[in-house]
Amino acid sequence: MKIMYVASEVAPFIKTGGLGDVAGSLPKALAAEGHEVAVFCPLYSAIPATWREKMTYLKNAYVQLGWRNQYCGVFEYTDDEVTYYFIDNEYYFARGQVYGEYDDAERFAFFSKAVLEILPDLDFKPDVINCNDWQTALVPVYYNLMFAGREYYQGMKTVFTIHNIAYQGRYGREILEYVLGIDDAHYRSGFMAMDGDVNLMKAAIVASNAVTTVSPSYAEEIQTPYYGHGLDPILRDCSYKLHGIINGIDQETFDPAHDPYLFKNYTTRTLKNKAVNKAELLAMCGLEGTDETPVIGMVSRFAGHKGFDLIEAVLDEILEEDVRLIVLGKGEWRYEQMFMEAKRRYPGKISASIMFSAELASKIYAGSDMFLMPSKSEPCGLAQMIALRYGTIPIVRETGGLKDTVTAFVDYLGTGNGFTFHSYNAHDMLHVIREACGVFKYNKEAWKKLVVGGMESDFSWKTSAKKYLEIYQSL
Ligand code: GLC
């Protein structure tokens, strides 16, 4: 099969979150099954020069978007497995940030139209086009409205993957004709409309031949009002073509035996080196503590749905325990402030680094004993799988992909790989944090089994890649 994979971020070139990781690793796993895979991504100015130097300029074209006729350059980079095409237009992509510009709708509409327009120039005729999240939601829409009838494009199938339903690409009706170049009739028919807005994600769900999301539980959840962010009725209507497939992680990148950022690499046979990472991490963060002190790590965007309001409610109670809390991330000011303040009140017990850093993230995955993810919703979540790979035991709320990858430890049965709570309730979370600390301190044998079991778990893409291929094939 020829597979076209379209995403607004692709690791290692550019990444702001889990989508980048998935777009960086799933296509390789598809290619490993013997398929031809091409990945499409905007050529942002933020892509480091070291990568740009490796790309070759292919050709350029002009793309009609509404009344605008825009330049589109194409650069190519090929590694052993996958071909990457980067869409160049400095007006749209030489910006300060990847997302959050005033004209994001236009920027990503351009990208979505361009990737379709240039296919004949690339001599690439995909059997299936898999796009991701609202930024590429217009690909199946443009395909159906403007390309499907052209000879070169006939018979292509479209798949739309939802990584987070909270971000839908909602805009006023006026952008439809003026910016996107789509006839207002498609608003009046209801196709592009949702609750009085143009809604790109909704249109993609309707337009695509199949819809996937990143865990089986999330596929169920988003059909309910609590998780559906208004799109639940649409998803219930489309449930016949909705599939939940759990993400994998790149097990070569996230491997404590080879991760270059660690103080000391380790395997299940050299766990004493994990202890070295813990001691060095504590020292680096200016925290006191011994090997006996439970260290809880967090690496997250500080967004409401990641569960920070639960932490806010019981932060003092957590820090009054004999624990150390090491936090890395940034986001909502209110939570940044909360951690900075806690640092003043509990010196030596909590460290908060308000930034993103892949290096510090690795050091936290390796140097912590536990990893906390109390998300209100979590489509898949990658960090809990990475933590397990590093022998760091997850404490999670039972939602979405967290529920599908972490099961509660039950001592007398010898089952489970982490600590979980069900209700979105701060004291339920506090209770399992205390439970985890208890097992860590007083049941060392069980703890070691958890650590080794976690490190040995298989979160590779192999099984999930096959599930994507089954869907592609069925179309
Ligand atoms: C989004 C989701 C996260 C998921 C990731 C990759 O970032 O919030 O749960 O793991 O996409 O699919």
# chains A, B, ... in the order shown; residues from 1 in each chain; ligands from 1

call {"tool": "select_by_dssp", "arguments": {"residues": "range 35-133 of chain A", "states": "helix (DSSP H, G or I)", "output": "MDAnalysis selection string"}}
result
chainID A and resid 49:52 90:93 104:117 119:122

call {"tool": "write_last_selection", "arguments": {"atoms": "N, CA and C atoms", "output": "CSV table (one decimal), in the first residue's frame"}}
result
chain,number,residue,atom,x,y,z
A,49,ALA,N,18.4,24.0,11.9
A,49,ALA,CA,19.2,24.0,10.7
A,49,ALA,C,19.8,22.7,10.4
A,50,THR,N,20.2,22.0,11.5
A,50,THR,CA,20.8,20.6,11.3
A,50,THR,C,19.9,19.7,10.5
A,51,TRP,N,18.6,19.9,10.6
A,51,TRP,CA,17.7,19.1,9.8
A,51,TRP,C,17.5,19.7,8.4
A,52,ARG,N,17.4,21.0,8.4
A,52,ARG,CA,17.2,21.7,7.1
A,52,ARG,C,18.3,21.3,6.1
A,90,GLU,N,7.2,30.8,3.5
A,90,GLU,CA,7.7,31.6,4.7
A,90,GLU,C,6.7,32.5,5.3
A,91,TYR,N,5.7,33.0,4.4
A,91,TYR,CA,4.7,33.8,5.0
A,91,TYR,C,3.9,33.1,6.0
A,92,TYR,N,3.6,31.8,5.8
A,92,TYR,CA,2.8,31.1,6.8
A,92,TYR,C,3.7,30.4,7.9
A,93,PHE,N,4.8,30.0,7.6
A,93,PHE,CA,5.5,29.1,8.5
A,93,PHE,C,6.8,29.7,9.1
A,104,ASP,N,-4.1,31.0,12.2
A,104,ASP,CA,-3.9,29.6,12.1
A,104,ASP,C,-4.8,28.9,11.2
A,105,ALA,N,-6.1,29.3,11.1
A,105,ALA,CA,-7.0,28.6,10.2
A,105,ALA,C,-6.5,28.7,8.8
A,106,GLU,N,-6.0,29.9,8.4
A,106,GLU,CA,-5.5,30.0,7.0
A,106,GLU,C,-4.2,29.3,6.8
A,107,ARG,N,-3.3,29.3,7.8
A,107,ARG,CA,-2.0,28.7,7.7
A,107,ARG,C,-2.2,27.1,7.4
A,108,PHE,N,-3.1,26.5,8.2
A,108,PHE,CA,-3.3,25.1,8.1
A,108,PHE,C,-4.2,24.7,7.0
A,109,ALA,N,-5.1,25.6,6.6
A,109,ALA,CA,-5.9,25.4,5.4
A,109,ALA,C,-4.9,25.3,4.2
A,110,PHE,N,-4.0,26.3,4.1
A,110,PHE,CA,-3.0,26.3,3.1
A,110,PHE,C,-2.2,25.0,3.0
A,111,PHE,N,-1.8,24.5,4.2
A,111,PHE,CA,-1.0,23.3,4.3
A,111,PHE,C,-1.9,22.1,3.8
A,112,SER,N,-3.1,22.1,4.2
A,112,SER,CA,-4.0,20.9,3.8
A,112,SER,C,-4.3,20.9,2.3
A,113,LYS,N,-4.5,22.1,1.8
A,113,LYS,CA,-4.7,22.1,0.3
A,113,LYS,C,-3.4,21.8,-0.4
A,114,ALA,N,-2.3,22.3,0.1
A,114,ALA,CA,-1.0,22.2,-0.7
A,114,ALA,C,-0.7,20.7,-0.8
A,115,VAL,N,-0.8,19.9,0.3
A,115,VAL,CA,-0.4,18.5,0.3
A,115,VAL,C,-1.1,17.7,-0.8
A,116,LEU,N,-2.4,18.1,-1.0
A,116,LEU,CA,-3.2,17.4,-2.0
A,116,LEU,C,-2.7,17.9,-3.4
A,117,GLU,N,-2.6,19.2,-3.5
A,117,GLU,CA,-2.3,19.8,-4.8
A,117,GLU,C,-1.0,19.3,-5.4
A,119,LEU,N,0.6,16.4,-5.1
A,119,LEU,CA,0.8,15.0,-5.3
A,119,LEU,C,1.2,14.6,-6.7
A,120,PRO,N,0.5,15.1,-7.8
A,120,PRO,CA,1.0,14.7,-9.1
A,120,PRO,C,2.4,15.1,-9.4
A,121,ASP,N,2.8,16.3,-8.8
A,121,ASP,CA,4.2,16.7,-9.0
A,121,ASP,C,5.2,15.8,-8.4
A,122,LEU,N,4.8,15.1,-7.3
A,122,LEU,CA,5.7,14.2,-6.6
A,122,LEU,C,5.6,12.8,-7.2

call {"tool": "residues_near_ligand", "arguments": {"ligand": "ligand 1", "cutoff": "10 Å", "atoms": "only C-alpha atoms and all ligand atoms", "output": "PyMOL selection string"}}
result
chain A and resi 16-23+132-133+161-167+213-215+218+245-249+301+305-306+375+377-385+400-402

call {"tool": "closest_residue", "arguments": {"among": "A:Asp103, A:Glu312, A:Glu470, A:Asp291", "to": "His243 in chain A", "atoms": "only C-alpha atoms"}}
result
A:Glu470

call {"tool": "residues_around", "arguments": {"residues": "range 433-444 of chain A", "least_positions_apart": "5", "cutoff": "7 Å", "atoms": "only C-alpha atoms", "output": "ChimeraX atom specification"}}
result
/A:292,294,419

call {"tool": "residues_around", "arguments": {"residues": "range 343-346 of chain A", "least_positions_apart": "5", "cutoff": "9 Å", "atoms": "only C-alpha atoms", "output": "JSON, numbers by chain"}}
result
{"A": [316, 319, 320, 338, 351, 352]}

call {"tool": "residues_around", "arguments": {"residues": "Tyr390 in chain A", "least_positions_apart": "6", "cutoff": "9 Å", "atoms": "only C-alpha atoms", "output": "ChimeraX atom specification"}}
result
/A:254-256,266-267,274,362,365-367,451,454-455

call {"tool": "residues_around", "arguments": {"residues": "Ile222 in chain A", "least_positions_apart": "4", "cutoff": "8 Å", "atoms": "only C-alpha atoms", "output": "ChimeraX atom specification"}}
result
/A:165,218,226-229,231-232,235

call {"tool": "atom_distance", "arguments": {"atom1": "CA of Pro347 in chain A", "atom2": "CA of Leu325 in chain A"}}
result
11.0 Å

call {"tool": "atom_distance", "arguments": {"atom1": "CA of Leu281 in chain A", "atom2": "CA of Leu315 in chain A"}}
result
21.2 Å

call {"tool": "closest_residue", "arguments": {"among": "A:Ile234, A:Val432, A:Val452, A:Ile3", "to": "Val128 in chain A", "atoms": "only C-alpha atoms"}}
result
A:Ile3

call {"tool": "atom_distance", "arguments": {"atom1": "CA of Ile175 in chain A", "atom2": "CA of Ser208 in chain A"}}
result
21.6 Å

call {"tool": "residues_around", "arguments": {"residues": "Tyr62 in chain A", "least_positions_apart": "4", "cutoff": "7 Å", "atoms": "only C-alpha atoms", "output": "list in words"}}
result
Asn69, Gln70, Tyr71 and Cys72 of chain A

call {"tool": "write_last_selection", "arguments": {"atoms": "N, CA, C and O atoms", "output": "PDB file, in the first residue's frame"}}
result
ATOM      1  N   ASN A  69      -3.420  33.193  -4.219  1.00  0.00           N
ATOM      2  CA  ASN A  69      -2.637  32.209  -4.950  1.00  0.00           C
ATOM      3  C   ASN A  69      -1.273  32.181  -4.283  1.00  0.00           C
ATOM      4  O   ASN A  69      -0.521  33.135  -4.371  1.00  0.00           O
ATOM      5  N   GLN A  70      -0.955  31.096  -3.582  1.00  0.00           N
ATOM      6  CA  GLN A  70       0.194  31.116  -2.684  1.00  0.00           C
ATOM      7  C   GLN A  70       1.304  30.186  -3.135  1.00  0.00           C
ATOM      8  O   GLN A  70       1.070  29.044  -3.527  1.00  0.00           O
ATOM      9  N   TYR A  71       2.517  30.658  -2.965  1.00  0.00           N
ATOM     10  CA  TYR A  71       3.715  29.864  -3.275  1.00  0.00           C
ATOM     11  C   TYR A  71       3.793  28.637  -2.361  1.00  0.00           C
ATOM     12  O   TYR A  71       3.494  28.723  -1.160  1.00  0.00           O
ATOM     13  N   CYS A  72       4.217  27.534  -2.910  1.00  0.00           N
ATOM     14  CA  CYS A  72       4.392  26.322  -2.114  1.00  0.00           C
ATOM     15  C   CYS A  72       5.657  25.610  -2.590  1.00  0.00           C
ATOM     16  O   CYS A  72       5.694  25.066  -3.688  1.00  0.00           O
TER      17      CYS A  72
END

call {"tool": "select_by_dssp", "arguments": {"residues": "range 279-463 of chain A", "states": "strand (DSSP E or B)", "output": "ChimeraX atom specification"}}
result
/A:295-299,302,324-329,331,350-354,370-373,393-397,408,410,415,418-421

call {"tool": "closest_atom_pairs", "arguments": {"of": "range 28-142 of chain A", "to": "range 8-13 of chain A", "cutoff": "8 Å", "atoms": "only C-alpha atoms", "output": "tab-separated table"}}
result
residue	atom	partner	partner_atom	distance
A:Cys41	CA	A:Ser8	CA	5.6
A:Pro42	CA	A:Ser8	CA	6.5
A:Ile47	CA	A:Phe13	CA	5.7
A:Pro48	CA	A:Phe13	CA	7.2
A:Trp51	CA	A:Phe13	CA	6.7
A:Asn132	CA	A:Ser8	CA	7.8
A:Gln135	CA	A:Ser8	CA	6.4
A:Thr136	CA	A:Ser8	CA	7.0

call {"tool": "write_last_selection", "arguments": {"atoms": "C-alpha atoms", "output": "PDB file, in the first residue's frame"}}
result
ATOM      1  CA  CYS A  41       4.700  18.459   7.482  1.00  0.00           C
ATOM      2  CA  PRO A  42       5.036  22.259   7.231  1.00  0.00           C
ATOM      3  CA  ILE A  47      12.916  23.290  12.470  1.00  0.00           C
ATOM      4  CA  PRO A  48      16.620  23.275  13.398  1.00  0.00           C
ATOM      5  CA  TRP A  51      17.674  19.066   9.819  1.00  0.00           C
ATOM      6  CA  ASN A 132      -4.324  14.122  12.255  1.00  0.00           C
ATOM      7  CA  GLN A 135      -4.870  21.325  11.674  1.00  0.00           C
ATOM      8  CA  THR A 136      -5.125  18.761   8.878  1.00  0.00           C
TER       9      THR A 136
END

call {"tool": "closest_residue", "arguments": {"among": "A:Leu287, A:Pro374, A:Ser368, A:Lys462", "to": "Thr420 in chain A", "atoms": "only C-alpha atoms"}}
result
A:Pro374
